[in-house]
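Enquirer: The file below is start37.pdb, PDB, C-alpha atoms:
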```
ATOM      1  CA  MET M   1      17.933  14.083  -3.403
ATOM      2  CA  ASN M   2      16.909  11.860  -0.502
ATOM      3  CA  PRO M   3      13.131  11.150  -0.581
ATOM      4  CA  PHE M   4      13.117   9.939   3.032
ATOM      5  CA  ILE M   5      11.838  12.023   5.921
ATOM      6  CA  GLU M   6      12.504  11.243   9.570
ATOM      7  CA  VAL M   7       9.554  10.732  11.911
ATOM      8  CA  ASN M   8       9.096   9.883  15.554
ATOM      9  CA  PRO M   9       6.275   7.285  15.705
ATOM     10  CA  PHE M  10       5.826   7.971  19.421
ATOM     11  CA  GLU M  11       4.443  11.481  18.821
ATOM     12  CA  PRO M  12       0.917  11.542  20.302
ATOM     13  CA  GLU M  13      -0.720  12.586  17.011
ATOM     14  CA  LEU M  14       0.827   9.634  15.174
ATOM     15  CA  ALA M  15      -0.061   7.179  17.941
ATOM     16  CA  THR M  16      -3.659   8.415  17.838
ATOM     17  CA  GLY M  17      -3.739   8.030  14.046
ATOM     18  CA  ARG M  18      -2.506   4.440  14.244
ATOM     19  CA  LYS M  19      -5.082   3.562  16.902
ATOM     20  CA  ARG M  20      -7.878   5.031  14.743
ATOM     21  CA  ALA M  21      -6.711   3.012  11.734
ATOM     22  CA  LYS M  22      -6.470  -0.224  13.737
ATOM     23  CA  LEU M  23     -10.059   0.173  14.940
ATOM     24  CA  LEU M  24     -11.345   0.869  11.416
ATOM     25  CA  CYS M  25      -9.396  -2.095  10.025
ATOM     26  CA  GLN M  26     -10.930  -4.321  12.711
ATOM     27  CA  GLN M  27     -14.411  -3.138  11.681
ATOM     28  CA  LEU M  28     -13.649  -3.750   8.018
ATOM     29  CA  ASN M  29     -12.167  -7.197   8.624
ATOM     30  CA  ALA M  30     -15.140  -8.248  10.762
ATOM     31  CA  LEU M  31     -17.682  -7.747   7.956
ATOM     32  CA  ARG M  32     -19.256 -10.812   6.359
ATOM     33  CA  ALA M  33     -18.601 -11.454   2.664
ATOM     34  CA  ASP M  34     -22.166 -10.400   1.773
ATOM     35  CA  GLN M  35     -21.868  -7.004   3.518
ATOM     36  CA  THR M  36     -20.376  -5.192   0.528
ATOM     37  CA  LYS M  37     -22.342  -1.947   1.043
ATOM     38  CA  ALA M  38     -21.140  -1.711   4.654
ATOM     39  CA  ARG M  39     -17.529  -1.473   3.433
ATOM     40  CA  LYS M  40     -17.838   1.869   1.644
ATOM     41  CA  PRO M  41     -18.382   4.092   4.738
ATOM     42  CA  ILE M  42     -15.438   2.424   6.465
ATOM     43  CA  TYR M  43     -13.259   2.956   3.377
ATOM     44  CA  GLN M  44     -14.278   6.620   3.349
ATOM     45  CA  GLN M  45     -13.342   7.041   7.019
ATOM     46  CA  LEU M  46     -10.098   5.111   6.703
ATOM     47  CA  PHE M  47      -8.502   6.294   3.460
ATOM     48  CA  GLY M  48      -7.291   9.712   2.334
ATOM     49  CA  GLN M  49      -9.109   9.122  -0.965
ATOM     50  CA  VAL M  50     -11.335   6.321  -2.250
ATOM     51  CA  SER M  51     -14.211   6.096  -4.702
ATOM     52  CA  SER M  52     -14.721   2.508  -5.827
ATOM     53  CA  ALA M  53     -12.667  -0.207  -4.183
ATOM     54  CA  TYR M  54     -13.009  -3.738  -2.925
ATOM     55  CA  ILE M  55     -10.590  -5.111  -0.366
ATOM     56  CA  GLU M  56     -10.774  -8.717   0.772
ATOM     57  CA  PRO M  57     -10.209  -9.446   4.449
ATOM     58  CA  HIS M  58      -7.838  -9.168   6.135
ATOM     59  CA  PHE M  59      -6.502  -5.696   5.488
ATOM     60  CA  PHE M  60      -4.063  -3.783   7.712
ATOM     61  CA  CYS M  61      -2.522  -0.314   7.567
ATOM     62  CA  ASP M  62      -0.782   2.107   9.914
ATOM     63  CA  TYR M  63      -2.781   5.289   9.330
ATOM     64  CA  GLY M  64      -5.036   4.896   6.281
ATOM     65  CA  SER M  65      -5.227   8.665   5.866
ATOM     66  CA  ASN M  66      -2.018   8.537   3.790
ATOM     67  CA  ILE M  67      -3.511   6.006   1.332
ATOM     68  CA  PHE M  68      -5.036   7.426  -1.860
ATOM     69  CA  LEU M  69      -6.878   4.871  -4.002
ATOM     70  CA  GLY M  70      -7.915   5.345  -7.622
ATOM     71  CA  GLU M  71     -11.094   4.018  -9.256
ATOM     72  CA  LYS M  72     -11.811   0.272  -9.238
ATOM     73  CA  PHE M  73      -9.005  -0.715  -6.852
ATOM     74  CA  TYR M  74      -8.957  -4.370  -5.790
ATOM     75  CA  ALA M  75      -6.842  -6.002  -3.097
ATOM     76  CA  ASN M  76      -6.955  -9.720  -2.446
ATOM     77  CA  HIS M  77      -6.607 -11.251   1.041
ATOM     78  CA  ASN M  78      -4.040 -10.158   3.634
ATOM     79  CA  CYS M  79      -2.934  -6.837   2.191
ATOM     80  CA  VAL M  80      -0.663  -4.735   4.418
ATOM     81  CA  ILE M  81       0.099  -1.069   3.715
ATOM     82  CA  LEU M  82       2.435   0.682   6.154
ATOM     83  CA  ASP M  83       1.574   4.254   5.206
ATOM     84  CA  CYS M  84       3.885   6.437   7.265
ATOM     85  CA  ALA M  85       4.241   8.423   4.011
ATOM     86  CA  GLU M  86       1.743   8.806   1.163
ATOM     87  CA  VAL M  87       0.830   5.708  -0.813
ATOM     88  CA  ARG M  88      -0.864   6.624  -4.107
ATOM     89  CA  ILE M  89      -2.470   3.837  -6.103
ATOM     90  CA  GLY M  90      -3.897   4.558  -9.561
ATOM     91  CA  ASP M  91      -7.088   3.508 -11.310
ATOM     92  CA  ARG M  92      -7.857  -0.159 -12.070
ATOM     93  CA  VAL M  93      -4.995  -1.501  -9.973
ATOM     94  CA  MET M  94      -5.197  -5.087  -8.727
ATOM     95  CA  PHE M  95      -3.257  -6.678  -5.874
ATOM     96  CA  GLY M  96      -2.856 -10.430  -5.472
ATOM     97  CA  PRO M  97      -3.022 -11.968  -1.983
ATOM     98  CA  ASN M  98      -0.440 -10.994   0.622
ATOM     99  CA  VAL M  99       0.774  -7.848  -1.142
ATOM    100  CA  GLN M 100       2.664  -5.570   1.231
ATOM    101  CA  ILE M 101       3.683  -1.939   0.838
ATOM    102  CA  TYR M 102       6.201  -0.494   3.274
ATOM    103  CA  ALA M 103       6.464   3.299   3.002
ATOM    104  CA  THR M 104       8.610   3.168   6.125
ATOM    105  CA  THR M 105      12.017   1.851   7.115
ATOM    106  CA  HIS M 106      14.353   2.040  10.104
ATOM    107  CA  PRO M 107      17.937   3.243  10.596
ATOM    108  CA  LEU M 108      20.641   0.698   9.802
ATOM    109  CA  ASP M 109      22.781   1.749  12.778
ATOM    110  CA  PRO M 110      21.602  -0.203  15.859
ATOM    111  CA  VAL M 111      22.160   2.703  18.272
ATOM    112  CA  GLU M 112      20.170   5.060  16.063
ATOM    113  CA  ARG M 113      17.487   2.380  15.522
ATOM    114  CA  ALA M 114      17.124   1.971  19.310
ATOM    115  CA  THR M 115      15.876   5.578  19.504
ATOM    116  CA  GLY M 116      12.680   4.417  17.762
ATOM    117  CA  LYS M 117      12.864   6.854  14.887
ATOM    118  CA  GLU M 118      11.698   5.837  11.431
ATOM    119  CA  PHE M 119      12.293   7.045   7.900
ATOM    120  CA  CYS M 120       9.405   7.328   5.452
ATOM    121  CA  ALA M 121       9.139   7.859   1.697
ATOM    122  CA  ALA M 122       6.122   7.927  -0.597
ATOM    123  CA  VAL M 123       5.120   4.991  -2.793
ATOM    124  CA  SER M 124       3.293   5.446  -6.095
ATOM    125  CA  ILE M 125       1.642   2.819  -8.294
ATOM    126  CA  GLY M 126       0.354   3.955 -11.697
ATOM    127  CA  ASP M 127      -2.961   3.187 -13.385
ATOM    128  CA  ASP M 128      -3.675  -0.337 -14.680
ATOM    129  CA  CYS M 129      -0.961  -2.115 -12.694
ATOM    130  CA  TRP M 130      -1.194  -5.667 -11.437
ATOM    131  CA  ILE M 131       0.848  -6.564  -8.360
ATOM    132  CA  GLY M 132       1.276 -10.330  -7.989
ATOM    133  CA  GLY M 133       0.672 -12.239  -4.784
ATOM    134  CA  GLY M 134       3.266 -11.920  -2.059
ATOM    135  CA  ALA M 135       5.003  -8.942  -3.658
ATOM    136  CA  ILE M 136       6.651  -6.430  -1.335
ATOM    137  CA  ILE M 137       7.048  -2.792  -2.385
ATOM    138  CA  LEU M 138       9.535  -0.747  -0.392
ATOM    139  CA  ALA M 139       9.599   2.926   0.606
ATOM    140  CA  GLY M 140      10.289   5.502  -2.083
ATOM    141  CA  VAL M 141       9.343   3.248  -5.026
ATOM    142  CA  THR M 142       7.308   4.310  -8.076
ATOM    143  CA  ILE M 143       5.764   1.680 -10.349
ATOM    144  CA  GLY M 144       4.858   3.012 -13.783
ATOM    145  CA  LYS M 145       1.477   2.840 -15.471
ATOM    146  CA  GLY M 146       0.431  -0.551 -16.861
ATOM    147  CA  SER M 147       3.250  -2.564 -15.315
ATOM    148  CA  VAL M 148       2.972  -6.034 -13.824
ATOM    149  CA  ILE M 149       4.967  -7.082 -10.768
ATOM    150  CA  GLY M 150       5.520 -10.839 -10.533
ATOM    151  CA  ALA M 151       4.416 -12.825  -7.512
ATOM    152  CA  GLY M 152       6.920 -12.877  -4.673
ATOM    153  CA  SER M 153       8.939  -9.937  -5.995
ATOM    154  CA  VAL M 154      10.679  -7.440  -3.739
ATOM    155  CA  VAL M 155      10.499  -4.015  -5.380
ATOM    156  CA  THR M 156      13.430  -1.942  -4.118
ATOM    157  CA  LYS M 157      13.751   0.541  -7.019
ATOM    158  CA  ASP M 158      11.444   2.320  -9.459
ATOM    159  CA  ILE M 159       9.863   0.227 -12.227
ATOM    160  CA  PRO M 160       9.108   1.981 -15.546
ATOM    161  CA  GLU M 161       5.681   1.904 -17.164
ATOM    162  CA  GLY M 162       4.582  -0.928 -19.415
ATOM    163  CA  VAL M 163       6.876  -3.715 -18.236
ATOM    164  CA  VAL M 164       6.681  -7.061 -16.520
ATOM    165  CA  ALA M 165       9.111  -7.016 -13.610
ATOM    166  CA  ALA M 166       9.935  -9.772 -11.166
ATOM    167  CA  GLY M 167      12.506 -11.109  -8.756
ATOM    168  CA  ASN M 168      14.397 -10.154  -5.640
ATOM    169  CA  PRO M 169      15.421  -7.484  -6.257
ATOM    170  CA  CYS M 170      12.658  -6.834  -8.781
ATOM    171  CA  LYS M 171      13.851  -5.979 -12.307
ATOM    172  CA  GLY M 172      12.173  -5.457 -15.656
ATOM    173  CA  ILE M 173      12.110  -8.689 -17.691
ATOM    174  CA  LYS M 174       9.694  -7.967 -20.536
ATOM    175  CA  ILE M 175       8.075  -5.015 -22.289
ATOM    176  CA  ILE M 176       4.302  -5.243 -22.470
ATOM    177  CA  THR M 177       3.003  -4.667 -25.987
ATOM    178  CA  GLN M 178      -0.421  -3.068 -26.357
ATOM    179  CA  LYS M 179      -3.019  -4.999 -28.363
ATOM    180  CA  GLN M 180      -4.477  -3.086 -31.300
ATOM    181  CA  SER M 181      -8.244  -2.623 -31.057
TER     182      SER M 181
END
```
Please lay out the structure from this file as structure tokens.
Expert:
Amino acid sequence: MNPFIEVNPFEPELATGRKRAKLLCQQLNALRADQTKARKPIYQQLFGQVSSAYIEPHFFCDYGSNIFLGEKFYANHNCVILDCAEVRIGDRVMFGPNVQIYATTHPLDPVERATGKEFCAAVSIGDDCWIGGGAIILAGVTIGKGSVIGAGSVVTKDIPEGVVAAGNPCKGIKIITQKQS
């Protein structure tokens, strides 16, 4: 089953949604470091779901309304989330700097690509994941609960829960063992 849906980004409703998100991202990115309380109302306007999050500047997204953040989400500097489709991020997830999520892609055929259409597929990141700096997560990917994605990885396929995965393309390299309490 193909998880990708076709969209026309030039539809007025989508163009309006992107403009709204760009303005909210500009407001968020303009806040001083000590204006932590001023972030929450912008998060609530921007995202489809958010409770407790902290996002370092600069942050960029396409729509924001397709981003659903779990409890205690943290994103370091220069995070980009292209949320043409839903992007669901679990509780206690941390992003290193320059993490990028692309829930969108374009046709491979140049004639078809010239039409401007896009393909979108949801991205899901489970609870307690850590995404290393500079990682790129592509459309349609699910990262399982408790996994760690190494810095600079390009995640093109699903990653199971409880593993360290790294590389381009990203692959599981180690199983994470739980410490006994």
Enquirer: Apply the PyMOL selection byres ((chain M and resi 51-57) around 10) to the file shown and report the selected residues as a compact mmCIF listing (two decimals) with C-alpha atoms, in the frame of the given file.
Expert:
```
# COMPACT_ATOMS: atom_id res chain seq x y z
CA CYS M 25 -9.40 -2.10 10.02
CA GLN M 26 -10.93 -4.32 12.71
CA LEU M 28 -13.65 -3.75 8.02
CA ASN M 29 -12.17 -7.20 8.62
CA ALA M 30 -15.14 -8.25 10.76
CA LEU M 31 -17.68 -7.75 7.96
CA ARG M 32 -19.26 -10.81 6.36
CA ALA M 33 -18.60 -11.45 2.66
CA THR M 36 -20.38 -5.19 0.53
CA ARG M 39 -17.53 -1.47 3.43
CA LYS M 40 -17.84 1.87 1.64
CA TYR M 43 -13.26 2.96 3.38
CA GLN M 44 -14.28 6.62 3.35
CA PHE M 47 -8.50 6.29 3.46
CA GLN M 49 -9.11 9.12 -0.96
CA VAL M 50 -11.34 6.32 -2.25
CA HIS M 58 -7.84 -9.17 6.14
CA PHE M 59 -6.50 -5.70 5.49
CA PHE M 60 -4.06 -3.78 7.71
CA PHE M 68 -5.04 7.43 -1.86
CA LEU M 69 -6.88 4.87 -4.00
CA GLY M 70 -7.92 5.34 -7.62
CA GLU M 71 -11.09 4.02 -9.26
CA LYS M 72 -11.81 0.27 -9.24
CA PHE M 73 -9.01 -0.72 -6.85
CA TYR M 74 -8.96 -4.37 -5.79
CA ALA M 75 -6.84 -6.00 -3.10
CA ASN M 76 -6.96 -9.72 -2.45
CA HIS M 77 -6.61 -11.25 1.04
CA ASN M 78 -4.04 -10.16 3.63
CA CYS M 79 -2.93 -6.84 2.19
CA ASP M 91 -7.09 3.51 -11.31
CA ARG M 92 -7.86 -0.16 -12.07
CA VAL M 93 -5.00 -1.50 -9.97
CA MET M 94 -5.20 -5.09 -8.73
CA PHE M 95 -3.26 -6.68 -5.87
CA PRO M 97 -3.02 -11.97 -1.98
```
Enquirer: Could you name the residues that touch Gly48 of chain M at 12 Å or less, counting all atoms listed in the file, but leaving out those on the same chain fewer than 5 positions away, as a PDB file with C-alpha atoms, in the coordinates of the input?
Expert:
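Dumped to selection09.pdb:
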```
ATOM      1  CA  ALA M  21      -6.711   3.012  11.734  1.00  0.00           C
ATOM      2  CA  ILE M  42     -15.438   2.424   6.465  1.00  0.00           C
ATOM      3  CA  TYR M  43     -13.259   2.956   3.377  1.00  0.00           C
ATOM      4  CA  TYR M  63      -2.781   5.289   9.330  1.00  0.00           C
ATOM      5  CA  GLY M  64      -5.036   4.896   6.281  1.00  0.00           C
ATOM      6  CA  SER M  65      -5.227   8.665   5.866  1.00  0.00           C
ATOM      7  CA  ASN M  66      -2.018   8.537   3.790  1.00  0.00           C
ATOM      8  CA  ILE M  67      -3.511   6.006   1.332  1.00  0.00           C
ATOM      9  CA  PHE M  68      -5.036   7.426  -1.860  1.00  0.00           C
ATOM     10  CA  LEU M  69      -6.878   4.871  -4.002  1.00  0.00           C
ATOM     11  CA  GLY M  70      -7.915   5.345  -7.622  1.00  0.00           C
ATOM     12  CA  ASP M  83       1.574   4.254   5.206  1.00  0.00           C
ATOM     13  CA  ALA M  85       4.241   8.423   4.011  1.00  0.00           C
ATOM     14  CA  GLU M  86       1.743   8.806   1.163  1.00  0.00           C
ATOM     15  CA  VAL M  87       0.830   5.708  -0.813  1.00  0.00           C
ATOM     16  CA  ARG M  88      -0.864   6.624  -4.107  1.00  0.00           C
ATOM     17  CA  ILE M  89      -2.470   3.837  -6.103  1.00  0.00           C
TER      18      ILE M  89
END
```
Enquirer: Please write the residues picked by the PyMOL selection byres ((chain M and resi 132) around 6) on this file as a VMD selection string.
Expert: chain M and resid 96 131 133 135 149 to 151
Enquirer: Those selected residues, please, written with C-alpha atoms and delivered as a compact mmCIF listing (two decimals), in the frame of the given file.
Expert:
```txt
# COMPACT_ATOMS: atom_id res chain seq x y z
CA GLY M 96 -2.86 -10.43 -5.47
CA ILE M 131 0.85 -6.56 -8.36
CA GLY M 133 0.67 -12.24 -4.78
CA ALA M 135 5.00 -8.94 -3.66
CA ILE M 149 4.97 -7.08 -10.77
CA GLY M 150 5.52 -10.84 -10.53
CA ALA M 151 4.42 -12.82 -7.51
```
Enquirer: Closest to Ala103 of chain M among M:Ala165, M:Leu14, M:Ile137, M:Ile176, using all atoms listed in the file?
Expert: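 Of M:Ala165, M:Leu14, M:Ile137, M:Ile176, the one nearest Ala103 of chain M, counting all atoms listed in the file, is M:Ile137.
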Enquirer: Tell me, in Å to one decimal, how far atom CA of Ser124 of chain M is from atom CA of Thr156 of chain M.
Expert: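 Computed distance, atom CA of Ser124 of chain M to atom CA of Thr156 of chain M, equals 12.7 Å.
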Enquirer: When distances are computed from all atoms listed in the file, which of M:Thr16, M:Gln45, M:Thr115, M:Gln27 shows the smallest separation from Asp62 of chain M?
Expert: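 Nearest to Asp62 of chain M: M:Thr16.
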Enquirer: Would you mind listing what lies within 7 Å of Ile81 of chain M as a PDB file with C-alpha atoms, in the frame of the given file, with only C-alpha atoms counted and same-chain residues fewer than 5 positions away left out?
Expert:
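The resulting file, part06.pdb, is reproduced below:
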```pdb
ATOM      1  CA  PHE M  60      -4.063  -3.783   7.712  1.00  0.00           C
ATOM      2  CA  CYS M  61      -2.522  -0.314   7.567  1.00  0.00           C
ATOM      3  CA  GLN M 100       2.664  -5.570   1.231  1.00  0.00           C
ATOM      4  CA  ILE M 101       3.683  -1.939   0.838  1.00  0.00           C
ATOM      5  CA  TYR M 102       6.201  -0.494   3.274  1.00  0.00           C
TER       6      TYR M 102
END
```
Enquirer: Quick check, in Å to one decimal: how far apart do atom CA of Gly140 of chain M and atom CA of Pro3 of chain M lie?
Expert: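 Separation of atom CA of Gly140 of chain M and atom CA of Pro3 of chain M: 6.5 Å.
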Enquirer: Tell me which residues come within 10 Å of (5.0, 7.3, 16.0), as a PyMOL selection string, counting only C-alpha atoms in the file's coordinates.
Expert: chain M and resi 7-18+62+84+116-118
Enquirer: Counting all atoms listed in the file, figure out which residue out of M:Leu46, M:Glu161, M:Val154, M:Gly146 gets nearest to Lys22 of chain M.
Expert: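 Of the candidates, the smallest distance to Lys22 of chain M is held by M:Leu46.
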Enquirer: Could you state which residues are captured by the PyMOL selection byres ((chain M and resi 126) around 6) in this file, as a ChimeraX atom specification?
Expert: /M:90,125,127,144-145
Enquirer: Would you put the residues from that selection into a file with C-alpha atoms, as a compact mmCIF listing (two decimals), in the coordinates of the input?
Expert:
```txt
# COMPACT_ATOMS: atom_id res chain seq x y z
CA GLY M 90 -3.90 4.56 -9.56
CA ILE M 125 1.64 2.82 -8.29
CA ASP M 127 -2.96 3.19 -13.38
CA GLY M 144 4.86 3.01 -13.78
CA LYS M 145 1.48 2.84 -15.47
```
Enquirer: Can you patch up segment 34-45 of chain M, filling it in to all heavy atoms, and show the result as a PDB file, in the coordinates of the input?
Expert:
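Saved file selection_19.pdb follows:
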```pdb
ATOM      1  N   ASP M  34     -20.990 -10.971   2.442  1.00  0.00           N
ATOM      2  CA  ASP M  34     -22.166 -10.400   1.773  1.00  0.00           C
ATOM      3  C   ASP M  34     -22.463  -8.959   2.199  1.00  0.00           C
ATOM      4  O   ASP M  34     -23.412  -8.358   1.719  1.00  0.00           O
ATOM      5  CB  ASP M  34     -23.397 -11.287   1.987  1.00  0.00           C
ATOM      6  CG  ASP M  34     -23.826 -11.386   3.452  1.00  0.00           C
ATOM      7  OD1 ASP M  34     -23.043 -10.987   4.349  1.00  0.00           O
ATOM      8  OD2 ASP M  34     -24.938 -11.866   3.704  1.00  0.00           O
ATOM      9  N   GLN M  35     -21.650  -8.373   3.037  1.00  0.00           N
ATOM     10  CA  GLN M  35     -21.868  -7.004   3.518  1.00  0.00           C
ATOM     11  C   GLN M  35     -21.050  -5.995   2.702  1.00  0.00           C
ATOM     12  O   GLN M  35     -20.346  -5.157   3.245  1.00  0.00           O
ATOM     13  CB  GLN M  35     -21.516  -6.907   5.002  1.00  0.00           C
ATOM     14  CG  GLN M  35     -22.462  -7.689   5.892  1.00  0.00           C
ATOM     15  CD  GLN M  35     -22.070  -7.562   7.343  1.00  0.00           C
ATOM     16  OE1 GLN M  35     -21.029  -8.060   7.754  1.00  0.00           O
ATOM     17  NE2 GLN M  35     -22.905  -6.891   8.118  1.00  0.00           N
ATOM     18  N   THR M  36     -21.185  -6.043   1.396  1.00  0.00           N
ATOM     19  CA  THR M  36     -20.376  -5.192   0.528  1.00  0.00           C
ATOM     20  C   THR M  36     -20.703  -3.706   0.693  1.00  0.00           C
ATOM     21  O   THR M  36     -19.808  -2.872   0.640  1.00  0.00           O
ATOM     22  CB  THR M  36     -20.525  -5.603  -0.942  1.00  0.00           C
ATOM     23  OG1 THR M  36     -21.905  -5.595  -1.291  1.00  0.00           O
ATOM     24  CG2 THR M  36     -19.946  -6.987  -1.188  1.00  0.00           C
ATOM     25  N   LYS M  37     -21.969  -3.363   0.894  1.00  0.00           N
ATOM     26  CA  LYS M  37     -22.342  -1.947   1.043  1.00  0.00           C
ATOM     27  C   LYS M  37     -21.818  -1.358   2.351  1.00  0.00           C
ATOM     28  O   LYS M  37     -21.573  -0.165   2.435  1.00  0.00           O
ATOM     29  CB  LYS M  37     -23.854  -1.768   0.949  1.00  0.00           C
ATOM     30  CG  LYS M  37     -24.370  -1.964  -0.459  1.00  0.00           C
ATOM     31  CD  LYS M  37     -25.848  -1.719  -0.561  1.00  0.00           C
ATOM     32  CE  LYS M  37     -26.300  -1.945  -1.993  1.00  0.00           C
ATOM     33  NZ  LYS M  37     -27.725  -1.873  -2.151  1.00  0.00           N
ATOM     34  N   ALA M  38     -21.634  -2.184   3.355  1.00  0.00           N
ATOM     35  CA  ALA M  38     -21.140  -1.711   4.654  1.00  0.00           C
ATOM     36  C   ALA M  38     -19.658  -1.343   4.597  1.00  0.00           C
ATOM     37  O   ALA M  38     -19.158  -0.646   5.490  1.00  0.00           O
ATOM     38  CB  ALA M  38     -21.372  -2.773   5.718  1.00  0.00           C
ATOM     39  N   ARG M  39     -18.953  -1.760   3.557  1.00  0.00           N
ATOM     40  CA  ARG M  39     -17.529  -1.473   3.433  1.00  0.00           C
ATOM     41  C   ARG M  39     -17.263  -0.014   3.068  1.00  0.00           C
ATOM     42  O   ARG M  39     -16.316   0.589   3.552  1.00  0.00           O
ATOM     43  CB  ARG M  39     -16.892  -2.367   2.366  1.00  0.00           C
ATOM     44  CG  ARG M  39     -16.899  -3.815   2.735  1.00  0.00           C
ATOM     45  CD  ARG M  39     -16.383  -4.701   1.598  1.00  0.00           C
ATOM     46  NE  ARG M  39     -16.525  -6.089   1.978  1.00  0.00           N
ATOM     47  CZ  ARG M  39     -15.722  -6.723   2.830  1.00  0.00           C
ATOM     48  NH1 ARG M  39     -14.709  -6.081   3.363  1.00  0.00           N
ATOM     49  NH2 ARG M  39     -15.926  -7.968   3.145  1.00  0.00           N
ATOM     50  N   LYS M  40     -18.102   0.539   2.191  1.00  0.00           N
ATOM     51  CA  LYS M  40     -17.838   1.869   1.644  1.00  0.00           C
ATOM     52  C   LYS M  40     -17.682   2.950   2.721  1.00  0.00           C
ATOM     53  O   LYS M  40     -16.716   3.721   2.668  1.00  0.00           O
ATOM     54  CB  LYS M  40     -18.910   2.260   0.630  1.00  0.00           C
ATOM     55  CG  LYS M  40     -18.556   3.524  -0.107  1.00  0.00           C
ATOM     56  CD  LYS M  40     -19.486   3.801  -1.264  1.00  0.00           C
ATOM     57  CE  LYS M  40     -19.014   5.033  -1.995  1.00  0.00           C
ATOM     58  NZ  LYS M  40     -19.737   5.290  -3.214  1.00  0.00           N
ATOM     59  N   PRO M  41     -18.586   3.050   3.722  1.00  0.00           N
ATOM     60  CA  PRO M  41     -18.382   4.092   4.738  1.00  0.00           C
ATOM     61  C   PRO M  41     -17.095   3.907   5.546  1.00  0.00           C
ATOM     62  O   PRO M  41     -16.471   4.892   5.944  1.00  0.00           O
ATOM     63  CB  PRO M  41     -19.612   3.997   5.639  1.00  0.00           C
ATOM     64  CG  PRO M  41     -20.496   2.964   5.081  1.00  0.00           C
ATOM     65  CD  PRO M  41     -19.840   2.344   3.896  1.00  0.00           C
ATOM     66  N   ILE M  42     -16.699   2.662   5.749  1.00  0.00           N
ATOM     67  CA  ILE M  42     -15.438   2.424   6.465  1.00  0.00           C
ATOM     68  C   ILE M  42     -14.269   2.846   5.593  1.00  0.00           C
ATOM     69  O   ILE M  42     -13.333   3.508   6.065  1.00  0.00           O
ATOM     70  CB  ILE M  42     -15.313   0.952   6.914  1.00  0.00           C
ATOM     71  CG1 ILE M  42     -16.455   0.604   7.878  1.00  0.00           C
ATOM     72  CG2 ILE M  42     -13.950   0.698   7.567  1.00  0.00           C
ATOM     73  CD1 ILE M  42     -16.558  -0.867   8.224  1.00  0.00           C
ATOM     74  N   TYR M  43     -14.305   2.500   4.301  1.00  0.00           N
ATOM     75  CA  TYR M  43     -13.259   2.956   3.377  1.00  0.00           C
ATOM     76  C   TYR M  43     -13.141   4.479   3.419  1.00  0.00           C
ATOM     77  O   TYR M  43     -12.051   5.030   3.444  1.00  0.00           O
ATOM     78  CB  TYR M  43     -13.568   2.557   1.934  1.00  0.00           C
ATOM     79  CG  TYR M  43     -13.539   1.081   1.596  1.00  0.00           C
ATOM     80  CD1 TYR M  43     -14.198   0.620   0.461  1.00  0.00           C
ATOM     81  CD2 TYR M  43     -12.855   0.148   2.368  1.00  0.00           C
ATOM     82  CE1 TYR M  43     -14.181  -0.718   0.097  1.00  0.00           C
ATOM     83  CE2 TYR M  43     -12.841  -1.191   2.019  1.00  0.00           C
ATOM     84  CZ  TYR M  43     -13.504  -1.612   0.882  1.00  0.00           C
ATOM     85  OH  TYR M  43     -13.484  -2.942   0.526  1.00  0.00           O
ATOM     86  N   GLN M  44     -14.286   5.149   3.389  1.00  0.00           N
ATOM     87  CA  GLN M  44     -14.278   6.620   3.349  1.00  0.00           C
ATOM     88  C   GLN M  44     -13.710   7.225   4.634  1.00  0.00           C
ATOM     89  O   GLN M  44     -13.078   8.275   4.584  1.00  0.00           O
ATOM     90  CB  GLN M  44     -15.680   7.143   3.050  1.00  0.00           C
ATOM     91  CG  GLN M  44     -16.074   6.850   1.615  1.00  0.00           C
ATOM     92  CD  GLN M  44     -17.525   7.168   1.297  1.00  0.00           C
ATOM     93  OE1 GLN M  44     -18.366   7.234   2.181  1.00  0.00           O
ATOM     94  NE2 GLN M  44     -17.812   7.361   0.022  1.00  0.00           N
ATOM     95  N   GLN M  45     -13.927   6.574   5.762  1.00  0.00           N
ATOM     96  CA  GLN M  45     -13.342   7.041   7.019  1.00  0.00           C
ATOM     97  C   GLN M  45     -11.848   6.737   7.101  1.00  0.00           C
ATOM     98  O   GLN M  45     -11.082   7.521   7.654  1.00  0.00           O
ATOM     99  CB  GLN M  45     -14.030   6.369   8.208  1.00  0.00           C
ATOM    100  CG  GLN M  45     -15.451   6.794   8.452  1.00  0.00           C
ATOM    101  CD  GLN M  45     -16.027   5.995   9.611  1.00  0.00           C
ATOM    102  OE1 GLN M  45     -15.572   6.131  10.742  1.00  0.00           O
ATOM    103  NE2 GLN M  45     -17.001   5.145   9.324  1.00  0.00           N
TER     104      GLN M  45
END
```
